[in-house]
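A short write-up of the structure that comes next.
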Amino acid sequence: EGEITVAIDMEKLGQDARWDGLKGYLSNTKLPKDQVIENYQHLWQIEYAFRIAKTDLKIRPIYHRLQKRIEAHICISFVAYKIFKELERQLKAKKATISANKAIEIAENIHEITFELPSGSKINKLLLLTEEQKYFASLVQV
């Protein structure tokens with residue numbers, strides 16, 4: 001209600017404009033400034049790792065009170081992340097046309113059956129029913 005007036009302090013605007021496009025870092029570390037900047041620029045990799053853990057691997061905080069259980073949870077989460085990254089690396093090295101997420105989805109639907117022959121020996125056979133499963137199997141040389 002009532003009349004509103006807006007005023008811009010041009011002097012303050014000019015002072016603020018001097019900082020446009022600049023980025024500053026404030027740290028209490030004893031590292032050299034170049035190393036602080038380089039470490040900060042790698043922060044996206046840490047954020048990406050957390051995004052993979054939360055979305056792709058569905059890792060969630062679980063509240064344990066015993067030290068061994070806490071360590072086991074961290075270890076399992078770390079190993080799952082490393083396996084996921086290794087899958088990404090291998091798919092990239094083989095110039096695969098599928099993502100790691102798609103590869104996991106395909107692998108979840110591959111089944112193996114075991115035949116026992118009258119002689120007592122056993123034969124394991126993968127059931128590769130779709131073209132995607134056959135493609136995935138060719139990538140991992142199953």
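Note on naming: chains are A, B, ... as they come in the structure tokens, residues start from 1 per chain, ligands start from 1 in the order shown.
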
With a distance cut-off of 12 Å and only C-alpha atoms, select the neighbouring residues of Ile76 (chain A), excluding the residue or stretch itself and same-chain residues fewer than 6 positions from it, and output the selection as a ChimeraX atom specification. /A:53,57,59-60,69-70,82-83

Residue list (strand (DSSP E or B), DSSP) for chain A, as a ChimeraX atom specification: /A:111-116,122-127

Write the residues of the selection above to a file with N, CA, C and O atoms, as a PDB file, in the first residue's frame.
```pdb
ATOM      1  N   HIS A 111      20.286 -64.039 -16.647  1.00  0.00           N
ATOM      2  CA  HIS A 111      20.178 -65.176 -15.732  1.00  0.00           C
ATOM      3  C   HIS A 111      21.099 -66.293 -16.195  1.00  0.00           C
ATOM      4  O   HIS A 111      21.430 -66.400 -17.373  1.00  0.00           O
ATOM      5  N   GLU A 112      21.497 -67.121 -15.254  1.00  0.00           N
ATOM      6  CA  GLU A 112      22.363 -68.257 -15.547  1.00  0.00           C
ATOM      7  C   GLU A 112      21.655 -69.525 -15.083  1.00  0.00           C
ATOM      8  O   GLU A 112      21.048 -69.548 -14.011  1.00  0.00           O
ATOM      9  N   ILE A 113      21.739 -70.540 -15.910  1.00  0.00           N
ATOM     10  CA  ILE A 113      21.171 -71.828 -15.518  1.00  0.00           C
ATOM     11  C   ILE A 113      22.292 -72.859 -15.490  1.00  0.00           C
ATOM     12  O   ILE A 113      23.303 -72.725 -16.188  1.00  0.00           O
ATOM     13  N   THR A 114      22.110 -73.869 -14.663  1.00  0.00           N
ATOM     14  CA  THR A 114      23.097 -74.943 -14.535  1.00  0.00           C
ATOM     15  C   THR A 114      22.441 -76.258 -14.919  1.00  0.00           C
ATOM     16  O   THR A 114      21.371 -76.601 -14.410  1.00  0.00           O
ATOM     17  N   PHE A 115      23.089 -76.965 -15.845  1.00  0.00           N
ATOM     18  CA  PHE A 115      22.629 -78.295 -16.251  1.00  0.00           C
ATOM     19  C   PHE A 115      23.515 -79.321 -15.573  1.00  0.00           C
ATOM     20  O   PHE A 115      24.733 -79.164 -15.552  1.00  0.00           O
ATOM     21  N   GLU A 116      22.898 -80.360 -15.067  1.00  0.00           N
ATOM     22  CA  GLU A 116      23.689 -81.481 -14.554  1.00  0.00           C
ATOM     23  C   GLU A 116      23.481 -82.658 -15.495  1.00  0.00           C
ATOM     24  O   GLU A 116      22.354 -83.108 -15.711  1.00  0.00           O
ATOM     25  N   LYS A 122      28.635 -80.670 -14.533  1.00  0.00           N
ATOM     26  CA  LYS A 122      27.689 -79.556 -14.607  1.00  0.00           C
ATOM     27  C   LYS A 122      28.115 -78.565 -15.678  1.00  0.00           C
ATOM     28  O   LYS A 122      29.298 -78.337 -15.885  1.00  0.00           O
ATOM     29  N   ILE A 123      27.133 -77.990 -16.338  1.00  0.00           N
ATOM     30  CA  ILE A 123      27.384 -76.974 -17.360  1.00  0.00           C
ATOM     31  C   ILE A 123      26.589 -75.732 -16.962  1.00  0.00           C
ATOM     32  O   ILE A 123      25.387 -75.810 -16.706  1.00  0.00           O
ATOM     33  N   ASN A 124      27.265 -74.587 -16.915  1.00  0.00           N
ATOM     34  CA  ASN A 124      26.600 -73.310 -16.651  1.00  0.00           C
ATOM     35  C   ASN A 124      26.381 -72.599 -17.977  1.00  0.00           C
ATOM     36  O   ASN A 124      27.278 -72.542 -18.811  1.00  0.00           O
ATOM     37  N   LYS A 125      25.207 -72.048 -18.140  1.00  0.00           N
ATOM     38  CA  LYS A 125      24.871 -71.362 -19.390  1.00  0.00           C
ATOM     39  C   LYS A 125      24.151 -70.061 -19.058  1.00  0.00           C
ATOM     40  O   LYS A 125      23.198 -70.042 -18.295  1.00  0.00           O
ATOM     41  N   LEU A 126      24.646 -68.945 -19.648  1.00  0.00           N
ATOM     42  CA  LEU A 126      23.969 -67.664 -19.498  1.00  0.00           C
ATOM     43  C   LEU A 126      22.814 -67.585 -20.474  1.00  0.00           C
ATOM     44  O   LEU A 126      22.933 -68.011 -21.621  1.00  0.00           O
ATOM     45  N   LEU A 127      21.711 -67.033 -20.013  1.00  0.00           N
ATOM     46  CA  LEU A 127      20.573 -66.825 -20.893  1.00  0.00           C
ATOM     47  C   LEU A 127      20.631 -65.391 -21.405  1.00  0.00           C
ATOM     48  O   LEU A 127      20.266 -64.454 -20.705  1.00  0.00           O
TER      49      LEU A 127
END
```

Region 129-138 of chain A environment, 12 Å, only C-alpha atoms, sequence neighbours closer than 6 positions dropped, as number ranges by chain: A: 87, 90-91, 94, 96-100, 102-112

Which residues come within 10 Å of Pro61 (chain A), counting only C-alpha atoms, excluding same-chain residues fewer than 6 positions away, as a PDB file with N, CA and C atoms, in the first residue's frame?
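Now in around38.pdb:
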```
ATOM      1  N   LYS A  54      24.683 -41.431  -4.176  1.00  0.00           N
ATOM      2  CA  LYS A  54      23.303 -41.224  -3.751  1.00  0.00           C
ATOM      3  C   LYS A  54      22.286 -41.688  -4.788  1.00  0.00           C
ATOM      4  N   HIS A  73      30.055 -50.310   6.863  1.00  0.00           N
ATOM      5  CA  HIS A  73      29.171 -49.541   5.986  1.00  0.00           C
ATOM      6  C   HIS A  73      29.983 -48.649   5.050  1.00  0.00           C
ATOM      7  N   ILE A  74      30.980 -47.978   5.604  1.00  0.00           N
ATOM      8  CA  ILE A  74      31.835 -47.113   4.789  1.00  0.00           C
ATOM      9  C   ILE A  74      32.599 -47.946   3.763  1.00  0.00           C
TER      10      ILE A  74
END
```

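Across the model, the gap from CA of Gln41 (chain A) to CA of Glu71 (chain A) is 29.4 Å.
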
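These are the residues of region 11-49 of chain A assigned alpha helix (DSSP H) by DSSP from backbone coordinates: Glu11, Lys12, Leu13, Gly14, Gln15, Asp16, Ala17, Lys33, Asp34, Gln35, Val36, Ile37, Glu38, Asn39, Tyr40, Gln41, Leu43, Trp44, Gln45, Ile46, Glu47, Tyr48 and Ala49 of chain A.
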